[in-house]
$ cat upload_23.cif   # mmCIF, C-alpha atoms
data_my_file
#
loop_
_atom_site.group_PDB
_atom_site.id
_atom_site.type_symbol
_atom_site.label_atom_id
_atom_site.label_comp_id
_atom_site.auth_asym_id
_atom_site.auth_seq_id
_atom_site.Cartn_x
_atom_site.Cartn_y
_atom_site.Cartn_z
ATOM 1 C CA MET M 12 -3.640 90.862 -64.469
ATOM 2 C CA ASN M 13 -6.518 89.000 -62.847
ATOM 3 C CA THR M 14 -9.768 89.735 -64.639
ATOM 4 C CA SER M 15 -12.741 89.842 -62.267
ATOM 5 C CA VAL M 16 -15.852 87.982 -63.390
ATOM 6 C CA LEU M 17 -18.810 90.378 -63.216
ATOM 7 C CA SER M 18 -21.524 87.778 -62.751
ATOM 8 C CA GLY M 19 -25.118 88.950 -62.829
ATOM 9 C CA LYS M 20 -26.575 86.063 -60.853
ATOM 10 C CA ARG M 21 -26.446 87.598 -57.379
ATOM 11 C CA LEU M 22 -27.711 90.956 -58.657
ATOM 12 C CA ALA M 23 -30.543 89.225 -60.516
ATOM 13 C CA GLY M 24 -31.512 87.482 -57.281
ATOM 14 C CA LEU M 25 -31.573 90.786 -55.397
ATOM 15 C CA ILE M 26 -33.731 92.426 -58.065
ATOM 16 C CA GLN M 27 -36.105 89.469 -58.191
ATOM 17 C CA GLN M 28 -36.434 89.550 -54.411
ATOM 18 C CA ARG M 29 -37.276 93.251 -54.609
ATOM 19 C CA ALA M 30 -39.913 92.510 -57.248
ATOM 20 C CA GLN M 31 -41.337 89.756 -55.059
ATOM 21 C CA ASP M 32 -41.506 92.028 -52.012
ATOM 22 C CA GLU M 33 -43.235 94.751 -54.026
ATOM 23 C CA ALA M 34 -45.667 92.220 -55.530
ATOM 24 C CA ARG M 35 -46.606 90.998 -52.054
ATOM 25 C CA LEU M 36 -47.352 94.547 -50.930
ATOM 26 C CA LEU M 37 -49.561 95.086 -53.962
ATOM 27 C CA GLU M 38 -51.364 91.776 -53.462
ATOM 28 C CA ALA M 39 -52.019 92.709 -49.837
ATOM 29 C CA SER M 40 -53.891 95.728 -51.174
ATOM 30 C CA GLY M 41 -55.884 93.565 -53.578
ATOM 31 C CA LEU M 42 -53.790 93.849 -56.727
ATOM 32 C CA ARG M 43 -51.809 90.957 -58.241
ATOM 33 C CA PRO M 44 -49.489 92.165 -61.020
ATOM 34 C CA VAL M 45 -50.031 90.666 -64.475
ATOM 35 C CA LEU M 46 -47.461 90.401 -67.266
ATOM 36 C CA ALA M 47 -48.529 89.508 -70.824
ATOM 37 C CA VAL M 48 -45.968 88.063 -73.261
ATOM 38 C CA VAL M 49 -47.004 87.970 -76.923
ATOM 39 C CA VAL M 50 -45.260 85.304 -79.009
ATOM 40 C CA ALA M 51 -45.476 84.458 -82.736
ATOM 41 C CA THR M 52 -42.632 82.105 -83.622
ATOM 42 C CA GLU M 53 -41.587 78.456 -83.720
ATOM 43 C CA ASP M 54 -38.077 79.334 -82.540
ATOM 44 C CA GLU M 55 -37.381 76.980 -79.641
ATOM 45 C CA SER M 56 -34.814 79.263 -77.986
ATOM 46 C CA THR M 57 -37.465 81.989 -77.829
ATOM 47 C CA HIS M 58 -39.977 79.612 -76.249
ATOM 48 C CA TRP M 59 -37.316 78.490 -73.764
ATOM 49 C CA TYR M 60 -36.713 82.125 -72.807
ATOM 50 C CA VAL M 61 -40.432 82.829 -72.475
ATOM 51 C CA ARG M 62 -40.850 79.774 -70.227
ATOM 52 C CA SER M 63 -37.999 81.043 -68.060
ATOM 53 C CA ILE M 64 -39.786 84.407 -67.707
ATOM 54 C CA GLU M 65 -42.977 82.564 -66.775
ATOM 55 C CA ARG M 66 -41.201 80.541 -64.070
ATOM 56 C CA SER M 67 -39.441 83.604 -62.676
ATOM 57 C CA ALA M 68 -42.705 85.554 -62.648
ATOM 58 C CA GLU M 69 -44.463 82.775 -60.743
ATOM 59 C CA ARG M 70 -41.728 82.792 -58.091
ATOM 60 C CA ALA M 71 -42.072 86.563 -57.764
ATOM 61 C CA GLY M 72 -45.851 86.475 -57.321
ATOM 62 C CA ILE M 73 -46.637 87.847 -60.770
ATOM 63 C CA ASP M 74 -49.202 86.290 -63.095
ATOM 64 C CA CYS M 75 -47.716 85.673 -66.539
ATOM 65 C CA ARG M 76 -50.017 85.290 -69.545
ATOM 66 C CA ILE M 77 -48.388 83.758 -72.611
ATOM 67 C CA VAL M 78 -50.314 84.793 -75.732
ATOM 68 C CA ASP M 79 -48.986 82.486 -78.451
ATOM 69 C CA LEU M 80 -50.418 83.352 -81.868
ATOM 70 C CA GLY M 81 -48.302 80.864 -83.792
ATOM 71 C CA HIS M 82 -45.552 81.309 -86.357
ATOM 72 C CA ASP M 83 -48.000 82.268 -89.121
ATOM 73 C CA ALA M 84 -49.674 85.105 -87.215
ATOM 74 C CA THR M 85 -50.585 88.129 -89.305
ATOM 75 C CA GLU M 86 -49.674 91.689 -88.478
ATOM 76 C CA GLU M 87 -53.386 92.463 -88.087
ATOM 77 C CA ALA M 88 -53.844 89.676 -85.535
ATOM 78 C CA LEU M 89 -50.826 90.801 -83.525
ATOM 79 C CA ALA M 90 -51.976 94.414 -83.670
ATOM 80 C CA GLY M 91 -55.404 93.430 -82.366
ATOM 81 C CA VAL M 92 -53.933 91.515 -79.439
ATOM 82 C CA LEU M 93 -51.618 94.387 -78.491
ATOM 83 C CA ARG M 94 -54.486 96.886 -78.612
ATOM 84 C CA ASP M 95 -56.659 94.623 -76.466
ATOM 85 C CA LEU M 96 -53.917 94.042 -73.891
ATOM 86 C CA SER M 97 -53.125 97.754 -73.746
ATOM 87 C CA ALA M 98 -56.789 98.476 -73.006
ATOM 88 C CA GLU M 99 -57.220 95.604 -70.511
ATOM 89 C CA PRO M 100 -57.135 97.077 -66.962
ATOM 90 C CA SER M 101 -55.952 93.817 -65.382
ATOM 91 C CA VAL M 102 -52.779 93.687 -67.526
ATOM 92 C CA ASN M 103 -49.913 95.760 -66.145
ATOM 93 C CA GLY M 104 -46.989 94.919 -68.422
ATOM 94 C CA ILE M 105 -46.680 93.856 -72.067
ATOM 95 C CA ILE M 106 -43.772 92.298 -73.965
ATOM 96 C CA LEU M 107 -43.812 91.659 -77.715
ATOM 97 C CA GLN M 108 -41.297 88.836 -78.058
ATOM 98 C CA THR M 109 -39.099 88.547 -81.133
ATOM 99 C CA PRO M 110 -38.511 87.093 -83.667
ATOM 100 C CA LEU M 111 -41.766 87.739 -85.485
ATOM 101 C CA PRO M 112 -43.066 86.297 -88.783
ATOM 102 C CA ALA M 113 -41.182 87.626 -91.815
ATOM 103 C CA SER M 114 -44.217 89.498 -93.136
ATOM 104 C CA VAL M 115 -44.759 91.383 -89.885
ATOM 105 C CA ARG M 116 -43.368 94.879 -89.307
ATOM 106 C CA ALA M 117 -42.189 95.006 -85.722
ATOM 107 C CA ASP M 118 -41.843 98.798 -85.821
ATOM 108 C CA ALA M 119 -45.526 99.098 -86.701
ATOM 109 C CA LEU M 120 -46.517 96.958 -83.713
ATOM 110 C CA VAL M 121 -44.415 98.249 -80.828
ATOM 111 C CA GLY M 122 -46.091 101.649 -81.075
ATOM 112 C CA LEU M 123 -49.379 99.942 -80.123
ATOM 113 C CA ILE M 124 -48.093 98.997 -76.655
ATOM 114 C CA ALA M 125 -49.426 101.480 -74.100
ATOM 115 C CA PRO M 126 -46.417 103.431 -72.762
ATOM 116 C CA ASP M 127 -47.424 102.831 -69.138
ATOM 117 C CA LYS M 128 -47.381 99.054 -69.848
ATOM 118 C CA ASP M 129 -44.299 99.116 -72.076
ATOM 119 C CA ILE M 130 -42.030 97.434 -69.546
ATOM 120 C CA ASP M 131 -39.276 96.688 -72.084
ATOM 121 C CA GLY M 132 -39.148 100.165 -73.596
ATOM 122 C CA ALA M 133 -40.147 99.047 -77.098
ATOM 123 C CA ASN M 134 -42.559 101.865 -77.977
ATOM 124 C CA PRO M 135 -40.734 104.801 -79.651
ATOM 125 C CA LEU M 136 -42.528 107.071 -77.182
ATOM 126 C CA SER M 137 -40.635 105.360 -74.373
ATOM 127 C CA LEU M 138 -37.286 106.046 -76.038
ATOM 128 C CA GLY M 139 -38.306 109.656 -76.670
ATOM 129 C CA ARG M 140 -39.274 110.155 -73.049
ATOM 130 C CA LEU M 141 -36.013 108.572 -71.968
ATOM 131 C CA ALA M 142 -34.099 111.001 -74.204
ATOM 132 C CA VAL M 143 -35.620 114.086 -72.574
ATOM 133 C CA GLY M 144 -35.550 112.784 -69.016
ATOM 134 C CA GLN M 145 -39.261 112.061 -68.649
ATOM 135 C CA PRO M 146 -40.549 108.966 -66.803
ATOM 136 C CA ALA M 147 -40.335 105.859 -68.996
ATOM 137 C CA PHE M 148 -39.293 102.244 -68.789
ATOM 138 C CA ALA M 149 -35.885 101.777 -70.363
ATOM 139 C CA PRO M 150 -35.308 98.583 -72.348
ATOM 140 C CA ALA M 151 -34.482 96.033 -69.672
ATOM 141 C CA THR M 152 -31.194 94.977 -71.270
ATOM 142 C CA ALA M 153 -29.924 98.555 -71.391
ATOM 143 C CA ARG M 154 -30.867 99.120 -67.771
ATOM 144 C CA ALA M 155 -29.279 95.779 -66.834
ATOM 145 C CA VAL M 156 -25.887 97.057 -68.016
ATOM 146 C CA VAL M 157 -26.144 100.126 -65.773
ATOM 147 C CA GLU M 158 -27.356 98.064 -62.819
ATOM 148 C CA LEU M 159 -24.434 95.654 -63.269
ATOM 149 C CA LEU M 160 -21.930 98.525 -63.317
ATOM 150 C CA ASP M 161 -23.527 99.971 -60.179
ATOM 151 C CA HIS M 162 -23.508 96.601 -58.438
ATOM 152 C CA TYR M 163 -19.770 96.228 -58.933
ATOM 153 C CA GLU M 164 -19.169 99.901 -58.119
ATOM 154 C CA VAL M 165 -17.701 100.704 -61.520
ATOM 155 C CA PRO M 166 -17.786 104.507 -61.814
ATOM 156 C CA VAL M 167 -18.913 106.082 -65.088
ATOM 157 C CA ALA M 168 -19.249 109.776 -64.162
ATOM 158 C CA GLY M 169 -16.527 111.702 -65.939
ATOM 159 C CA ARG M 170 -15.202 108.532 -67.566
ATOM 160 C CA SER M 171 -15.077 107.368 -71.162
ATOM 161 C CA VAL M 172 -17.530 104.640 -72.196
ATOM 162 C CA ALA M 173 -17.540 103.021 -75.630
ATOM 163 C CA VAL M 174 -20.793 101.339 -76.651
ATOM 164 C CA VAL M 175 -20.397 98.956 -79.586
ATOM 165 C CA GLY M 176 -23.764 98.673 -81.338
ATOM 166 C CA ARG M 177 -26.476 101.241 -82.040
ATOM 167 C CA SER M 178 -29.704 99.264 -81.775
ATOM 168 C CA ALA M 179 -32.840 100.789 -80.293
ATOM 169 C CA VAL M 180 -32.908 97.886 -77.832
ATOM 170 C CA VAL M 181 -29.461 98.361 -76.281
ATOM 171 C CA GLY M 182 -27.015 100.816 -77.829
ATOM 172 C CA LYS M 183 -29.151 103.943 -78.131
ATOM 173 C CA PRO M 184 -31.081 103.699 -74.833
ATOM 174 C CA LEU M 185 -27.919 102.645 -72.976
ATOM 175 C CA SER M 186 -26.112 105.727 -74.234
ATOM 176 C CA LEU M 187 -28.934 107.880 -72.823
ATOM 177 C CA LEU M 188 -28.786 106.133 -69.440
ATOM 178 C CA LEU M 189 -25.010 106.593 -69.312
ATOM 179 C CA LEU M 190 -25.259 110.268 -70.278
ATOM 180 C CA GLU M 191 -27.683 110.747 -67.379
ATOM 181 C CA ARG M 192 -24.865 109.465 -65.164
ATOM 182 C CA ASP M 193 -22.370 111.974 -66.615
ATOM 183 C CA ALA M 194 -20.368 109.495 -68.685
ATOM 184 C CA THR M 195 -18.701 110.557 -71.933
ATOM 185 C CA VAL M 196 -20.210 108.134 -74.431
ATOM 186 C CA THR M 197 -18.990 107.040 -77.850
ATOM 187 C CA ILE M 198 -21.244 104.802 -79.949
ATOM 188 C CA CYS M 199 -19.429 102.532 -82.414
ATOM 189 C CA HIS M 200 -21.029 100.765 -85.363
ATOM 190 C CA SER M 201 -20.208 99.026 -88.622
ATOM 191 C CA LYS M 202 -19.261 102.301 -90.340
ATOM 192 C CA SER M 203 -17.061 103.649 -87.542
ATOM 193 C CA GLY M 204 -13.799 102.284 -88.879
ATOM 194 C CA PRO M 205 -11.189 100.455 -86.803
ATOM 195 C CA LEU M 206 -12.856 99.458 -83.549
ATOM 196 C CA GLU M 207 -9.765 99.947 -81.398
ATOM 197 C CA ARG M 208 -9.716 103.649 -82.300
ATOM 198 C CA TYR M 209 -12.694 104.074 -79.959
ATOM 199 C CA THR M 210 -12.435 101.163 -77.546
ATOM 200 C CA ARG M 211 -8.757 101.401 -76.550
ATOM 201 C CA PRO M 212 -9.111 104.870 -74.938
ATOM 202 C CA ALA M 213 -12.299 103.820 -73.095
ATOM 203 C CA ASP M 214 -12.506 103.089 -69.384
ATOM 204 C CA VAL M 215 -15.612 100.956 -69.943
ATOM 205 C CA VAL M 216 -16.529 99.050 -73.105
ATOM 206 C CA VAL M 217 -20.027 97.648 -73.672
ATOM 207 C CA VAL M 218 -20.419 95.286 -76.626
ATOM 208 C CA ALA M 219 -23.897 94.703 -78.066
ATOM 209 C CA ALA M 220 -23.362 94.004 -81.764
ATOM 210 C CA GLY M 221 -24.417 90.363 -82.139
ATOM 211 C CA ARG M 222 -21.076 89.204 -83.578
ATOM 212 C CA THR M 223 -19.238 86.315 -81.986
ATOM 213 C CA GLY M 224 -15.694 87.182 -80.859
ATOM 214 C CA LEU M 225 -15.908 90.772 -82.113
ATOM 215 C CA LEU M 226 -14.029 92.404 -79.216
ATOM 216 C CA LYS M 227 -10.519 91.089 -78.616
ATOM 217 C CA GLY M 228 -7.865 91.853 -76.041
ATOM 218 C CA SER M 229 -6.018 94.056 -78.543
ATOM 219 C CA HIS M 230 -9.090 96.302 -78.763
ATOM 220 C CA ILE M 231 -8.993 97.435 -75.144
ATOM 221 C CA SER M 232 -6.594 99.106 -72.761
ATOM 222 C CA PRO M 233 -5.331 97.324 -69.644
ATOM 223 C CA GLU M 234 -7.734 97.676 -66.696
ATOM 224 C CA ALA M 235 -10.763 98.520 -68.849
ATOM 225 C CA VAL M 236 -14.083 97.055 -67.700
ATOM 226 C CA VAL M 237 -15.914 95.094 -70.409
ATOM 227 C CA ILE M 238 -19.646 94.320 -70.399
ATOM 228 C CA ASP M 239 -20.701 91.675 -72.924
ATOM 229 C CA VAL M 240 -24.321 91.964 -74.027
ATOM 230 C CA GLY M 241 -24.021 89.616 -76.992
ATOM 231 C CA THR M 242 -26.083 86.430 -77.202
ATOM 232 C CA ASN M 243 -24.926 84.234 -80.066
ATOM 233 C CA VAL M 244 -25.907 80.581 -80.436
ATOM 234 C CA LEU M 245 -23.154 78.320 -81.793
ATOM 235 C CA PRO M 246 -23.854 75.264 -83.992
ATOM 236 C CA ASP M 247 -23.506 73.005 -80.939
ATOM 237 C CA GLY M 248 -26.250 74.954 -79.180
ATOM 238 C CA SER M 249 -23.994 76.723 -76.697
ATOM 239 C CA LEU M 250 -24.379 80.435 -75.989
ATOM 240 C CA VAL M 251 -21.520 82.912 -76.316
ATOM 241 C CA GLY M 252 -21.215 86.677 -76.324
ATOM 242 C CA ASP M 253 -19.553 89.256 -78.566
ATOM 243 C CA VAL M 254 -16.264 89.194 -76.638
ATOM 244 C CA ASP M 255 -13.332 86.914 -77.410
ATOM 245 C CA GLU M 256 -13.139 85.860 -73.780
ATOM 246 C CA ALA M 257 -9.770 84.093 -74.062
ATOM 247 C CA SER M 258 -7.931 87.163 -75.365
ATOM 248 C CA VAL M 259 -9.709 89.702 -73.155
ATOM 249 C CA THR M 260 -9.136 87.727 -69.944
ATOM 250 C CA GLY M 261 -5.903 88.914 -68.399
ATOM 251 C CA VAL M 262 -6.190 92.342 -70.041
ATOM 252 C CA ALA M 263 -9.515 93.676 -68.767
ATOM 253 C CA ALA M 264 -10.020 94.522 -65.121
ATOM 254 C CA GLY M 265 -13.515 93.028 -65.258
ATOM 255 C CA LEU M 266 -15.626 91.074 -67.738
ATOM 256 C CA SER M 267 -19.270 90.033 -67.581
ATOM 257 C CA PRO M 268 -19.809 86.402 -68.656
ATOM 258 C CA VAL M 269 -22.187 84.988 -71.245
ATOM 259 C CA PRO M 270 -24.331 83.324 -70.075
ATOM 260 C CA GLY M 271 -24.724 84.437 -66.477
ATOM 261 C CA GLY M 272 -24.094 88.142 -66.894
ATOM 262 C CA VAL M 273 -26.402 90.797 -68.321
ATOM 263 C CA GLY M 274 -29.084 88.307 -69.429
ATOM 264 C CA SER M 275 -30.054 87.130 -65.955
ATOM 265 C CA VAL M 276 -30.331 90.732 -64.764
ATOM 266 C CA THR M 277 -32.505 91.604 -67.766
ATOM 267 C CA THR M 278 -35.111 88.973 -66.881
ATOM 268 C CA ALA M 279 -35.244 90.129 -63.266
ATOM 269 C CA LEU M 280 -35.709 93.740 -64.372
ATOM 270 C CA LEU M 281 -38.682 92.799 -66.561
ATOM 271 C CA LEU M 282 -40.387 91.520 -63.420
ATOM 272 C CA LEU M 283 -39.454 94.619 -61.441
ATOM 273 C CA HIS M 284 -40.742 96.841 -64.246
ATOM 274 C CA THR M 285 -44.039 94.915 -64.217
ATOM 275 C CA VAL M 286 -44.465 95.518 -60.496
ATOM 276 C CA GLU M 287 -43.522 99.184 -60.872
ATOM 277 C CA ALA M 288 -46.035 99.533 -63.713
ATOM 278 C CA ALA M 289 -48.757 97.913 -61.601
ATOM 279 C CA ARG M 290 -48.061 100.305 -58.733
ATOM 280 C CA GLN M 291 -48.127 103.363 -61.013
ATOM 281 C CA GLN M 292 -51.331 102.252 -62.718
ATOM 282 C CA SER M 293 -53.057 101.629 -59.377
ATOM 283 C CA ARG M 294 -52.172 105.140 -58.266
ATOM 284 C CA THR M 295 -53.525 106.568 -61.526
ATOM 285 C CA THR M 296 -56.743 104.591 -61.103
ATOM 286 C CA LEU M 297 -57.194 105.832 -57.546
ATOM 287 C CA LEU M 298 -56.502 109.428 -58.585
ATOM 288 C CA THR M 299 -58.981 109.179 -61.480
ATOM 289 C CA ALA M 300 -61.652 107.707 -59.202
ATOM 290 C CA SER M 301 -61.059 110.413 -56.604
ATOM 291 C CA THR M 302 -61.248 113.167 -59.204
ATOM 292 C CA SER M 303 -64.475 111.801 -60.679
ATOM 293 C CA ARG M 304 -66.159 112.068 -57.289
ATOM 294 C CA ILE M 305 -65.382 115.769 -56.945
#

$ encode --input "upload_23.cif" --output "structure tokens"
Amino acid sequence: MNTSVLSGKRLAGLIQQRAQDEARLLEASGLRPVLAVVVATEDESTHWYVRSIERSAERAGIDCRIVDLGHDATEEALAGVLRDLSAEPSVNGIILQTPLPASVRADALVGLIAPDKDIDGANPLSLGRLAVGQPAFAPATARAVVELLDHYEVPVAGRSVAVVGRSAVVGKPLSLLLLERDATVTICHSKSGPLERYTRPADVVVVAAGRTGLLKGSHISPEAVVIDVGTNVLPDGSLVGDVDEASVTGVAAGLSPVPGGVGSVTTALLLLHTVEAARQQSRTTLLTASTSRI
């Protein structure tokens, strides 16, 4: 069987173009979207990723503020910055980039990001709203999986989808997005037992566990579609996913590559979310101003 490569590059370009078009419309009305990225690490791969966001934002007509507090930043300092950015009217989107210093509790910080600026769905309120169908920004990586499936016209309604990994960044929000599209979702994790028990019957398998080579060809049925969300750095510096690509190729009907798959779409969606947040906030500001004059 020929396994189709589900590249995210063209889709990422389409999403970035949409963000750019929306940003131009906003700027024509006097508003230039602003994205703030808070960083507190010496990890070079993180800084590389942040620089790539900054370059992509510039191309899309979005101002990107990098707030680098250094690897020894305290939780109090990070909390203060997040509160200030959430209250700053000119800032439309906020990302708290990981990893964070060992002494910092990420779960205590993400709740400080204003939900209307939480463009990567980090605040627990965003996940709660997503769960009950209220407006919220989904984590960009989770949404990227759905957008990639849509782009390649992979149906999920009435079909079985196995999601490997239960993180609040991918697994849990992705399951909610898939349920909204009438998929039958099974979430697998380290205590689930033999992986193939859940992945072999699935029409679509999404792997987001952070384990190199976790999913093999023997774990899936012929003609399944596999989306690899893993990002694992090998000793030589190369990036690989969670799928054993060699054994899955020839079995799966489609496979997203790493790199060049979900990751590129994720970055584009962060920009689109920033523009969408700016538009929503401008409408709220106009409505508040109009109401105050009554």

$ closest_atom_pairs --input "upload_23.cif" --of "stretch 128-184 of chain M" --to "stretch 202-212 of chain M" --cutoff "9 Å" --atoms "all atoms listed in the file" --output "CSV"
residue,atom,partner,partner_atom,distance
M:Ser171,CA,M:Pro212,CA,7.5
M:Val172,CA,M:Thr210,CA,8.2
M:Ala173,CA,M:Thr210,CA,5.8
M:Val174,CA,M:Thr210,CA,8.4
M:Val175,CA,M:Thr210,CA,8.5

$ write_last_selection --input "upload_23.cif" --atoms "C-alpha atoms" --output "PDB file, keeping the file's coordinate frame"
ATOM      1  CA  SER M 171     -15.077 107.368 -71.162  1.00  0.00           C
ATOM      2  CA  VAL M 172     -17.530 104.640 -72.196  1.00  0.00           C
ATOM      3  CA  ALA M 173     -17.540 103.021 -75.630  1.00  0.00           C
ATOM      4  CA  VAL M 174     -20.793 101.339 -76.651  1.00  0.00           C
ATOM      5  CA  VAL M 175     -20.397  98.956 -79.586  1.00  0.00           C
TER       6      VAL M 175
END

$ resolve_selection --input "upload_23.cif" --expression "the PyMOL selection byres ((chain M and resi 82-86) around 7)" --output "mmCIF file with C-alpha atoms, in the frame of the given file"
data_model
loop_
_atom_site.group_PDB
_atom_site.id
_atom_site.type_symbol
_atom_site.label_atom_id
_atom_site.label_comp_id
_atom_site.auth_asym_id
_atom_site.auth_seq_id
_atom_site.Cartn_x
_atom_site.Cartn_y
_atom_site.Cartn_z
ATOM 1 C CA ALA M 51 -45.476 84.458 -82.736
ATOM 2 C CA THR M 52 -42.632 82.105 -83.622
ATOM 3 C CA GLU M 53 -41.587 78.456 -83.720
ATOM 4 C CA LEU M 80 -50.418 83.352 -81.868
ATOM 5 C CA GLY M 81 -48.302 80.864 -83.792
ATOM 6 C CA GLU M 87 -53.386 92.463 -88.087
ATOM 7 C CA ALA M 88 -53.844 89.676 -85.535
ATOM 8 C CA LEU M 89 -50.826 90.801 -83.525
ATOM 9 C CA ALA M 90 -51.976 94.414 -83.670
ATOM 10 C CA PRO M 112 -43.066 86.297 -88.783
ATOM 11 C CA VAL M 115 -44.759 91.383 -89.885
#

$ closest_residue --input "upload_23.cif" --among "M:Arg192, M:Arg35, M:Arg290, M:Arg70" --to "M:Leu160" --atoms "all atoms listed in the file"
M:Arg192

$ atom_distance --input "upload_23.cif" --atom1 "atom CA of M:Glu287" --atom2 "atom CA of M:Glu33"
8.2 Å

$ resolve_selection --input "upload_23.cif" --expression "the PyMOL selection byres ((chain M and resi 157) around 12)" --output "VMD selection string"
chain M and resid 19 22 149 to 156 158 to 168 172 181 184 to 192 194 215 217 238 240 273 276 to 277 280
